[in-house]
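Data block for input28.tsv (TSV, N, CA and C atoms):
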```tsv
chain	number	residue	atom	x	y	z
A	105	MET	N	140.61	114.53	96.11
A	105	MET	CA	141.97	114.95	96.37
A	105	MET	C	141.96	116.41	96.80
A	106	HIS	N	142.77	116.72	97.79
A	106	HIS	CA	142.88	118.10	98.26
A	106	HIS	C	143.65	118.94	97.26
A	107	LEU	N	143.29	120.19	97.14
A	107	LEU	CA	143.87	121.05	96.12
A	107	LEU	C	145.14	121.77	96.58
A	108	SER	N	145.38	121.88	97.88
A	108	SER	CA	146.56	122.62	98.33
A	108	SER	C	147.88	121.95	97.96
A	109	PRO	N	148.03	120.61	97.97
A	109	PRO	CA	149.29	120.03	97.48
A	109	PRO	C	149.49	120.29	95.99
A	110	LEU	N	148.42	120.31	95.22
A	110	LEU	CA	148.52	120.60	93.79
A	110	LEU	C	148.96	122.04	93.55
A	111	ARG	N	148.56	122.92	94.43
A	111	ARG	CA	148.96	124.33	94.31
A	111	ARG	C	150.47	124.45	94.42
A	112	ASN	N	151.07	123.67	95.31
A	112	ASN	CA	152.52	123.69	95.47
A	112	ASN	C	153.24	122.97	94.32
A	113	VAL	N	152.67	121.89	93.82
A	113	VAL	CA	153.28	121.13	92.72
A	113	VAL	C	153.35	121.98	91.46
A	114	PHE	N	152.28	122.70	91.16
A	114	PHE	CA	152.22	123.50	89.94
A	114	PHE	C	152.74	124.93	90.11
A	115	ASN	N	153.21	125.29	91.31
A	115	ASN	CA	153.77	126.62	91.58
A	115	ASN	C	152.78	127.72	91.23
A	116	LEU	N	151.63	127.69	91.87
A	116	LEU	CA	150.55	128.65	91.60
A	116	LEU	C	150.57	129.79	92.62
A	117	ASP	N	151.68	130.50	92.72
A	117	ASP	CA	151.79	131.63	93.63
A	117	ASP	C	150.90	132.76	93.14
A	118	GLY	N	150.02	133.24	94.03
A	118	GLY	CA	149.13	134.34	93.68
A	118	GLY	C	147.77	133.89	93.17
A	119	TYR	N	147.59	132.61	92.87
A	119	TYR	CA	146.32	132.08	92.38
A	119	TYR	C	145.66	131.22	93.47
A	120	ILE	N	144.35	131.14	93.41
A	120	ILE	CA	143.60	130.24	94.28
A	120	ILE	C	143.00	129.17	93.38
A	121	LEU	N	143.37	127.92	93.62
A	121	LEU	CA	142.96	126.81	92.77
A	121	LEU	C	141.55	126.35	93.15
A	122	ASP	N	140.64	126.32	92.17
A	122	ASP	CA	139.26	125.91	92.40
A	122	ASP	C	139.05	124.43	92.07
A	123	ARG	N	139.46	124.04	90.86
A	123	ARG	CA	139.27	122.65	90.44
A	123	ARG	C	140.26	122.31	89.34
A	124	VAL	N	140.42	121.01	89.09
A	124	VAL	CA	141.36	120.52	88.09
A	124	VAL	C	140.61	119.61	87.12
A	125	GLU	N	140.81	119.81	85.82
A	125	GLU	CA	140.24	118.94	84.79
A	125	GLU	C	141.39	118.33	83.99
A	126	GLU	N	141.28	117.03	83.72
A	126	GLU	CA	142.33	116.37	82.95
A	126	GLU	C	141.71	115.69	81.73
A	127	SER	N	142.34	115.87	80.57
A	127	SER	CA	141.91	115.20	79.34
A	127	SER	C	143.11	114.48	78.75
A	128	GLU	N	142.97	113.97	77.54
A	128	GLU	CA	144.05	113.20	76.92
A	128	GLU	C	145.29	114.05	76.65
A	129	ASN	N	145.10	115.30	76.24
A	129	ASN	CA	146.22	116.13	75.81
A	129	ASN	C	146.62	117.23	76.78
A	130	ASP	N	145.73	117.61	77.68
A	130	ASP	CA	146.06	118.72	78.55
A	130	ASP	C	145.42	118.61	79.92
A	131	ILE	N	145.90	119.45	80.84
A	131	ILE	CA	145.38	119.56	82.19
A	131	ILE	C	144.97	121.01	82.39
A	132	LEU	N	143.73	121.23	82.82
A	132	LEU	CA	143.21	122.58	83.04
A	132	LEU	C	143.10	122.85	84.54
A	133	LEU	N	143.75	123.91	84.99
A	133	LEU	CA	143.69	124.35	86.37
A	133	LEU	C	142.78	125.58	86.44
A	134	HIS	N	141.58	125.42	86.95
A	134	HIS	CA	140.64	126.54	87.06
A	134	HIS	C	140.96	127.30	88.34
A	135	CYS	N	141.31	128.58	88.19
A	135	CYS	CA	141.76	129.41	89.31
A	135	CYS	C	141.00	130.73	89.36
A	136	HIS	N	141.18	131.45	90.45
A	136	HIS	CA	140.71	132.82	90.56
A	136	HIS	C	141.69	133.59	91.44
A	137	LEU	N	141.55	134.92	91.43
A	137	LEU	CA	142.40	135.79	92.25
A	137	LEU	C	141.64	136.22	93.49
A	138	ARG	N	142.37	136.48	94.54
A	138	ARG	CA	141.77	136.88	95.80
A	138	ARG	C	141.30	138.33	95.77
A	139	LYS	N	142.01	139.19	95.05
A	139	LYS	CA	141.71	140.63	95.07
A	139	LYS	C	140.35	140.93	94.42
A	140	LYS	N	139.64	141.88	95.01
A	140	LYS	CA	138.35	142.31	94.48
A	140	LYS	C	138.42	143.71	93.90
A	141	SER	N	139.56	144.38	94.07
A	141	SER	CA	139.69	145.74	93.58
A	141	SER	C	141.08	145.92	92.97
A	142	MET	N	141.27	147.08	92.32
A	142	MET	CA	142.55	147.40	91.70
A	142	MET	C	142.86	148.86	91.96
A	143	THR	N	144.13	149.18	92.17
A	143	THR	CA	144.55	150.54	92.45
A	143	THR	C	145.39	151.07	91.30
A	144	PHE	N	145.09	152.30	90.89
A	144	PHE	CA	145.86	152.97	89.85
A	144	PHE	C	146.04	154.43	90.22
A	145	ASP	N	147.26	154.86	90.36
A	145	ASP	CA	147.60	156.27	90.59
A	145	ASP	C	146.80	156.87	91.76
A	146	GLY	N	146.72	156.14	92.87
A	146	GLY	CA	146.06	156.65	94.07
A	146	GLY	C	144.57	156.42	94.14
A	147	GLN	N	143.95	155.91	93.10
A	147	GLN	CA	142.50	155.65	93.11
A	147	GLN	C	142.27	154.15	93.11
A	148	THR	N	141.40	153.69	93.99
A	148	THR	CA	141.03	152.29	94.07
A	148	THR	C	139.67	152.11	93.41
A	149	SER	N	139.57	151.09	92.55
A	149	SER	CA	138.32	150.85	91.83
A	149	SER	C	137.83	149.43	92.09
A	150	ARG	N	136.52	149.32	92.30
A	150	ARG	CA	135.86	148.02	92.37
A	150	ARG	C	134.89	147.85	91.20
A	151	SER	N	134.88	148.84	90.33
A	151	SER	CA	133.96	148.86	89.19
A	151	SER	C	134.54	148.03	88.04
A	152	VAL	N	133.97	146.85	87.82
A	152	VAL	CA	134.42	145.97	86.74
A	152	VAL	C	133.67	146.35	85.48
A	153	ASN	N	134.41	146.72	84.46
A	153	ASN	CA	133.83	147.15	83.20
A	153	ASN	C	133.62	145.97	82.26
A	154	GLN	N	134.53	145.02	82.28
A	154	GLN	CA	134.49	143.89	81.36
A	154	GLN	C	135.28	142.75	81.97
A	155	SER	N	134.99	141.53	81.56
A	155	SER	CA	135.79	140.39	82.00
A	155	SER	C	135.92	139.41	80.83
A	156	ARG	N	137.02	138.65	80.85
A	156	ARG	CA	137.25	137.67	79.79
A	156	ARG	C	137.87	136.43	80.40
A	157	LEU	N	137.58	135.31	79.79
A	157	LEU	CA	138.13	134.04	80.22
A	157	LEU	C	139.43	133.79	79.48
A	158	ARG	N	140.52	133.58	80.23
A	158	ARG	CA	141.83	133.36	79.61
A	158	ARG	C	142.33	131.96	79.90
A	159	LYS	N	142.98	131.38	78.91
A	159	LYS	CA	143.60	130.06	79.03
A	159	LYS	C	145.09	130.27	78.77
A	160	ILE	N	145.89	130.18	79.84
A	160	ILE	CA	147.30	130.54	79.78
A	160	ILE	C	148.15	129.28	79.97
A	161	ALA	N	149.08	129.05	79.05
A	161	ALA	CA	149.99	127.91	79.16
A	161	ALA	C	150.86	128.10	80.40
A	162	HIS	N	150.98	127.03	81.21
A	162	HIS	CA	151.68	127.16	82.48
A	162	HIS	C	152.86	126.19	82.63
A	163	ALA	N	152.71	124.93	82.23
A	163	ALA	CA	153.79	123.95	82.44
A	163	ALA	C	153.54	122.72	81.57
A	164	MET	N	154.48	121.79	81.63
A	164	MET	CA	154.35	120.49	80.97
A	164	MET	C	154.45	119.42	82.06
A	165	LEU	N	153.57	118.41	82.00
A	165	LEU	CA	153.58	117.32	82.97
A	165	LEU	C	153.19	116.03	82.26
A	166	ASP	N	154.09	115.06	82.21
A	166	ASP	CA	153.84	113.77	81.56
A	166	ASP	C	153.36	113.94	80.12
A	167	HIS	N	154.05	114.75	79.36
A	167	HIS	CA	153.76	115.03	77.95
A	167	HIS	C	152.37	115.65	77.75
A	168	LYS	N	151.86	116.29	78.80
A	168	LYS	CA	150.60	117.03	78.71
A	168	LYS	C	150.88	118.49	79.03
A	169	LYS	N	150.21	119.37	78.32
A	169	LYS	CA	150.34	120.79	78.58
A	169	LYS	C	149.40	121.16	79.72
A	170	VAL	N	149.90	121.93	80.66
A	170	VAL	CA	149.11	122.40	81.80
A	170	VAL	C	148.73	123.85	81.54
A	171	PHE	N	147.42	124.15	81.62
A	171	PHE	CA	146.90	125.49	81.39
A	171	PHE	C	146.25	126.02	82.65
A	172	ILE	N	146.39	127.33	82.87
A	172	ILE	CA	145.63	128.03	83.91
A	172	ILE	C	144.43	128.67	83.22
A	173	VAL	N	143.24	128.39	83.72
A	173	VAL	CA	142.02	128.99	83.19
A	173	VAL	C	141.52	129.97	84.25
A	174	ILE	N	141.46	131.25	83.86
A	174	ILE	CA	141.12	132.29	84.83
A	174	ILE	C	140.29	133.38	84.15
A	175	THR	N	139.43	134.02	84.92
A	175	THR	CA	138.67	135.16	84.42
A	175	THR	C	139.43	136.41	84.80
A	176	GLN	N	139.85	137.16	83.79
A	176	GLN	CA	140.57	138.40	84.01
A	176	GLN	C	139.58	139.56	83.90
A	177	ARG	N	139.66	140.49	84.84
A	177	ARG	CA	138.70	141.60	84.88
A	177	ARG	C	139.34	142.90	84.41
A	178	ARG	N	138.50	143.79	83.92
A	178	ARG	CA	138.93	145.10	83.44
A	178	ARG	C	138.24	146.15	84.31
A	179	PHE	N	139.02	146.96	85.01
A	179	PHE	CA	138.49	147.94	85.95
A	179	PHE	C	138.44	149.33	85.34
A	180	TYR	N	137.44	150.10	85.77
A	180	TYR	CA	137.26	151.48	85.30
A	180	TYR	C	137.65	152.44	86.41
A	181	PHE	N	138.47	153.44	86.06
A	181	PHE	CA	138.90	154.48	87.00
A	181	PHE	C	138.32	155.80	86.53
A	182	SER	N	137.28	156.27	87.22
A	182	SER	CA	136.54	157.46	86.78
A	182	SER	C	137.37	158.73	86.91
A	183	LYS	N	138.20	158.81	87.93
A	183	LYS	CA	139.00	160.01	88.15
A	183	LYS	C	140.00	160.24	87.01
A	184	HIS	N	140.55	159.17	86.48
A	184	HIS	CA	141.54	159.27	85.41
A	184	HIS	C	140.98	158.95	84.03
A	185	ARG	N	139.71	158.54	83.99
A	185	ARG	CA	139.05	158.13	82.74
A	185	ARG	C	139.86	157.06	82.01
A	186	ARG	N	140.25	156.03	82.78
A	186	ARG	CA	141.06	154.93	82.24
A	186	ARG	C	140.38	153.60	82.54
A	187	ILE	N	140.58	152.67	81.65
A	187	ILE	CA	140.10	151.30	81.83
A	187	ILE	C	141.32	150.40	81.70
A	188	LEU	N	141.61	149.62	82.75
A	188	LEU	CA	142.82	148.79	82.77
A	188	LEU	C	142.49	147.34	83.13
A	189	TRP	N	143.18	146.40	82.46
A	189	TRP	CA	143.07	144.99	82.81
A	189	TRP	C	143.87	144.73	84.07
A	190	GLU	N	143.35	143.89	84.95
A	190	GLU	CA	144.08	143.56	86.16
A	190	GLU	C	145.29	142.70	85.82
A	191	PRO	N	146.41	142.92	86.49
A	191	PRO	CA	147.59	142.11	86.22
A	191	PRO	C	147.45	140.72	86.82
A	192	LEU	N	147.95	139.71	86.11
A	192	LEU	CA	147.92	138.34	86.60
A	192	LEU	C	149.31	137.95	87.09
A	193	PRO	N	149.40	137.21	88.19
A	193	PRO	CA	150.70	136.78	88.69
A	193	PRO	C	151.42	135.90	87.68
A	194	GLN	N	152.71	136.08	87.53
A	194	GLN	CA	153.58	135.30	86.65
A	194	GLN	C	153.30	135.51	85.16
A	195	VAL	N	152.46	136.47	84.81
A	195	VAL	CA	152.14	136.74	83.40
A	195	VAL	C	152.41	138.21	83.12
A	196	LYS	N	153.27	138.47	82.15
A	196	LYS	CA	153.55	139.84	81.77
A	196	LYS	C	152.47	140.33	80.80
A	197	ARG	N	152.46	141.62	80.56
A	197	ARG	CA	151.47	142.22	79.68
A	197	ARG	C	151.60	141.66	78.26
A	198	LYS	N	150.48	141.30	77.64
A	198	LYS	CA	150.39	140.74	76.28
A	198	LYS	C	151.15	139.42	76.14
A	199	GLN	N	151.29	138.68	77.21
A	199	GLN	CA	151.98	137.40	77.18
A	199	GLN	C	150.96	136.28	77.25
A	200	GLN	N	151.17	135.20	76.51
A	200	GLN	CA	150.22	134.10	76.44
A	200	GLN	C	150.64	132.90	77.29
A	201	SER	N	151.75	133.01	78.03
A	201	SER	CA	152.19	131.93	78.90
A	201	SER	C	152.81	132.52	80.15
A	202	THR	N	152.91	131.71	81.20
A	202	THR	CA	153.51	132.17	82.45
A	202	THR	C	155.02	132.05	82.38
A	203	SER	N	155.69	132.68	83.31
A	203	SER	CA	157.15	132.58	83.37
A	203	SER	C	157.57	131.17	83.74
A	204	THR	N	156.74	130.41	84.44
A	204	THR	CA	157.04	129.02	84.78
A	204	THR	C	157.06	128.15	83.53
A	205	PHE	N	156.19	128.41	82.58
A	205	PHE	CA	156.14	127.64	81.33
A	205	PHE	C	157.43	127.78	80.55
A	206	LYS	N	157.97	128.98	80.51
A	206	LYS	CA	159.20	129.21	79.77
A	206	LYS	C	160.38	128.49	80.40
A	207	LYS	N	160.36	128.29	81.72
A	207	LYS	CA	161.44	127.58	82.40
A	207	LYS	C	161.39	126.08	82.13
A	208	THR	N	160.18	125.51	81.93
A	208	THR	CA	160.06	124.08	81.75
A	208	THR	C	160.39	123.64	80.33
A	209	LEU	N	160.34	124.53	79.36
A	209	LEU	CA	160.65	124.14	77.98
A	209	LEU	C	162.09	124.10	77.72
```
Could you write out this file's structure as structure tokens?
Amino acid sequence: MHLSPLRNVFNLDGYILDRVEESENDILLHCHLRKKSMTFDGQTSRSVNQSRLRKIAHAMLDHKKVFIVITQRRFYFSKHRRILWEPLPQVKRKQQSTSTFKKTL
């Protein structure tokens, strides 16, 4: 099955869908972001300091929870001596679900 119709069905604006896994209780959408760098206060960084795998609740479909599985990166800015996590589309800071998930409940 082609992944681009699924991208529209699940409203994955800003994400690139790699693959879909389905189990009895949930559906996992494995995604990644197109950007390779991050900008903060005039400085652009490509230096990834750390990365983590996140599982974010996204929607409900046929009594199954739909999750986005994505690797979030942490960039280092040497000029400002700051380390910042990259922002994810539809997810606010310290939030465990997307804004789409809150609309479906």
**OP:** Work out how far CA of Leu188 (chain A) is from CA of Ser151 (chain A), in Å to one decimal.
**Re:** 10.9 Å
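With atom N of Lys198 (chain A) on one side and atom C of Met164 (chain A) on the other, the separation reads 22.7 Å.
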**OP:** List every residue of chain A that DSSP, applied to the backbone of this structure, assigns to strand (DSSP E or B), and report them as an MDAnalysis selection string.
**Re:** chainID A and resid 120:126 130:136 142:144 147:149 152:165 168:181 186:189 201
Report the centre and edge lengths, in Å to one decimal, of an axis-aligned box enclosing every atom of region 161-180 of chain A listed in the file, padded by 6 Å on each side, as JSON.
```
{"center_x": 145.9, "center_y": 133.1, "center_z": 82.1, "size_x": 29.2, "size_y": 50.7, "size_z": 20.7}
```
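If you look at atom N of Gln154 (chain A) and atom N of Gln176 (chain A), they are 9.6 Å away from each other.
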**OP:** Extract, using only C-alpha atoms, all DNA, RNA and protein residues at most 6 Å from Arg177 (chain A), discarding same-chain residues fewer than 6 positions from it, and format them as a PyMOL selection string.
**Re:** chain A and resi 154-155+189-190
Export of the given selection (N, CA and C atoms) as an mmCIF file, keeping the file's coordinate frame:
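Below you can see part_6.cif, which holds the result:
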```cif
data_model
loop_
_atom_site.group_PDB
_atom_site.id
_atom_site.type_symbol
_atom_site.label_atom_id
_atom_site.label_comp_id
_atom_site.auth_asym_id
_atom_site.auth_seq_id
_atom_site.Cartn_x
_atom_site.Cartn_y
_atom_site.Cartn_z
ATOM 1 N N GLN A 154 134.530 145.020 82.280
ATOM 2 C CA GLN A 154 134.490 143.890 81.360
ATOM 3 C C GLN A 154 135.280 142.750 81.970
ATOM 4 N N SER A 155 134.990 141.530 81.560
ATOM 5 C CA SER A 155 135.790 140.390 82.000
ATOM 6 C C SER A 155 135.920 139.410 80.830
ATOM 7 N N TRP A 189 143.180 146.400 82.460
ATOM 8 C CA TRP A 189 143.070 144.990 82.810
ATOM 9 C C TRP A 189 143.870 144.730 84.070
ATOM 10 N N GLU A 190 143.350 143.890 84.950
ATOM 11 C CA GLU A 190 144.080 143.560 86.160
ATOM 12 C C GLU A 190 145.290 142.700 85.820
#
```
Subject >> Closest of A:Gln199, A:Asn129, A:Asn115, A:Gln147 to Lys169 (chain A) - atom-to-atom distances counting all atoms listed in the file >> reply: A:Asn129
Original post:
With only C-alpha atoms as the atoms that count, which of A:His167, A:Arg111, A:Arg150, A:His162 lies nearest to Glu128 (chain A)?
Top reply: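 Comparing A:His167, A:Arg111, A:Arg150, A:His162 against Glu128 (chain A), the winner is A:His167.
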Subject >> Closest of A:Lys196, A:Lys159, A:Arg123, A:His136 to Ile172 (chain A) - atom-to-atom distances counting all atoms listed in the file >> reply: A:Lys159
**OP:** List every residue of region 108-206 of chain A that DSSP, applied to the backbone of this structure, places in alpha helix (DSSP H), and write the result as a ChimeraX atom specification.
**Re:** /A:108-113,203-206
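Distance annotation: of A:Ser201, A:Phe181, A:Thr175, A:Pro193, the residue with the minimal separation from Thr148 (chain A) is A:Phe181; atom set is all atoms listed in the file.
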**OP:** Give the answer as one residue: which of A:Val170, A:Leu165, A:Thr143, A:Asn153 has the shortest atom-to-atom distance to Ile131 (chain A), using all atoms listed in the file?
**Re:**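 When distances to Ile131 (chain A) are compared using all atoms listed in the file, the smallest one comes from A:Val170.
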Original post:
So which one's closest to Val173 (chain A), A:Gln194, A:Thr204, A:Asp122, A:Phe114? Using only C-alpha atoms, please.
Top reply: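 Between A:Gln194, A:Thr204, A:Asp122, A:Phe114, the residue approaching Val173 (chain A) most closely is A:Asp122.
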Please, can region 181-195 of chain A be completed to N, CA, C and O atoms and returned as a PDB file, in the coordinates of the input?
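Result written to result_13.pdb:
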```
ATOM      1  N   PHE A 181     138.470 153.440  86.060  1.00  0.00           N
ATOM      2  CA  PHE A 181     138.900 154.480  87.000  1.00  0.00           C
ATOM      3  C   PHE A 181     138.320 155.800  86.530  1.00  0.00           C
ATOM      4  O   PHE A 181     138.796 156.399  85.561  1.00  0.00           O
ATOM      5  N   SER A 182     137.280 156.270  87.220  1.00  0.00           N
ATOM      6  CA  SER A 182     136.540 157.460  86.780  1.00  0.00           C
ATOM      7  C   SER A 182     137.370 158.730  86.910  1.00  0.00           C
ATOM      8  O   SER A 182     137.261 159.629  86.079  1.00  0.00           O
ATOM      9  N   LYS A 183     138.200 158.810  87.930  1.00  0.00           N
ATOM     10  CA  LYS A 183     139.000 160.010  88.150  1.00  0.00           C
ATOM     11  C   LYS A 183     140.000 160.240  87.010  1.00  0.00           C
ATOM     12  O   LYS A 183     140.241 161.371  86.605  1.00  0.00           O
ATOM     13  N   HIS A 184     140.550 159.170  86.480  1.00  0.00           N
ATOM     14  CA  HIS A 184     141.540 159.270  85.410  1.00  0.00           C
ATOM     15  C   HIS A 184     140.980 158.950  84.030  1.00  0.00           C
ATOM     16  O   HIS A 184     141.694 159.042  83.042  1.00  0.00           O
ATOM     17  N   ARG A 185     139.710 158.540  83.990  1.00  0.00           N
ATOM     18  CA  ARG A 185     139.050 158.130  82.740  1.00  0.00           C
ATOM     19  C   ARG A 185     139.860 157.060  82.010  1.00  0.00           C
ATOM     20  O   ARG A 185     140.140 157.147  80.822  1.00  0.00           O
ATOM     21  N   ARG A 186     140.250 156.030  82.780  1.00  0.00           N
ATOM     22  CA  ARG A 186     141.060 154.930  82.240  1.00  0.00           C
ATOM     23  C   ARG A 186     140.380 153.600  82.540  1.00  0.00           C
ATOM     24  O   ARG A 186     139.717 153.448  83.567  1.00  0.00           O
ATOM     25  N   ILE A 187     140.580 152.670  81.650  1.00  0.00           N
ATOM     26  CA  ILE A 187     140.100 151.300  81.830  1.00  0.00           C
ATOM     27  C   ILE A 187     141.320 150.400  81.700  1.00  0.00           C
ATOM     28  O   ILE A 187     141.984 150.405  80.670  1.00  0.00           O
ATOM     29  N   LEU A 188     141.610 149.620  82.750  1.00  0.00           N
ATOM     30  CA  LEU A 188     142.820 148.790  82.770  1.00  0.00           C
ATOM     31  C   LEU A 188     142.490 147.340  83.130  1.00  0.00           C
ATOM     32  O   LEU A 188     141.650 147.079  83.990  1.00  0.00           O
ATOM     33  N   TRP A 189     143.180 146.400  82.460  1.00  0.00           N
ATOM     34  CA  TRP A 189     143.070 144.990  82.810  1.00  0.00           C
ATOM     35  C   TRP A 189     143.870 144.730  84.070  1.00  0.00           C
ATOM     36  O   TRP A 189     144.955 145.269  84.253  1.00  0.00           O
ATOM     37  N   GLU A 190     143.350 143.890  84.950  1.00  0.00           N
ATOM     38  CA  GLU A 190     144.080 143.560  86.160  1.00  0.00           C
ATOM     39  C   GLU A 190     145.290 142.700  85.820  1.00  0.00           C
ATOM     40  O   GLU A 190     145.229 141.849  84.925  1.00  0.00           O
ATOM     41  N   PRO A 191     146.410 142.920  86.490  1.00  0.00           N
ATOM     42  CA  PRO A 191     147.590 142.110  86.220  1.00  0.00           C
ATOM     43  C   PRO A 191     147.450 140.720  86.820  1.00  0.00           C
ATOM     44  O   PRO A 191     146.869 140.552  87.892  1.00  0.00           O
ATOM     45  N   LEU A 192     147.950 139.710  86.110  1.00  0.00           N
ATOM     46  CA  LEU A 192     147.920 138.340  86.600  1.00  0.00           C
ATOM     47  C   LEU A 192     149.310 137.950  87.090  1.00  0.00           C
ATOM     48  O   LEU A 192     150.309 138.319  86.459  1.00  0.00           O
ATOM     49  N   PRO A 193     149.400 137.210  88.190  1.00  0.00           N
ATOM     50  CA  PRO A 193     150.700 136.780  88.690  1.00  0.00           C
ATOM     51  C   PRO A 193     151.420 135.900  87.680  1.00  0.00           C
ATOM     52  O   PRO A 193     150.799 135.047  87.030  1.00  0.00           O
ATOM     53  N   GLN A 194     152.710 136.080  87.530  1.00  0.00           N
ATOM     54  CA  GLN A 194     153.580 135.300  86.650  1.00  0.00           C
ATOM     55  C   GLN A 194     153.300 135.510  85.160  1.00  0.00           C
ATOM     56  O   GLN A 194     153.821 134.786  84.327  1.00  0.00           O
ATOM     57  N   VAL A 195     152.460 136.470  84.810  1.00  0.00           N
ATOM     58  CA  VAL A 195     152.140 136.740  83.400  1.00  0.00           C
ATOM     59  C   VAL A 195     152.410 138.210  83.120  1.00  0.00           C
ATOM     60  O   VAL A 195     151.842 139.087  83.776  1.00  0.00           O
TER      61      VAL A 195
END
```
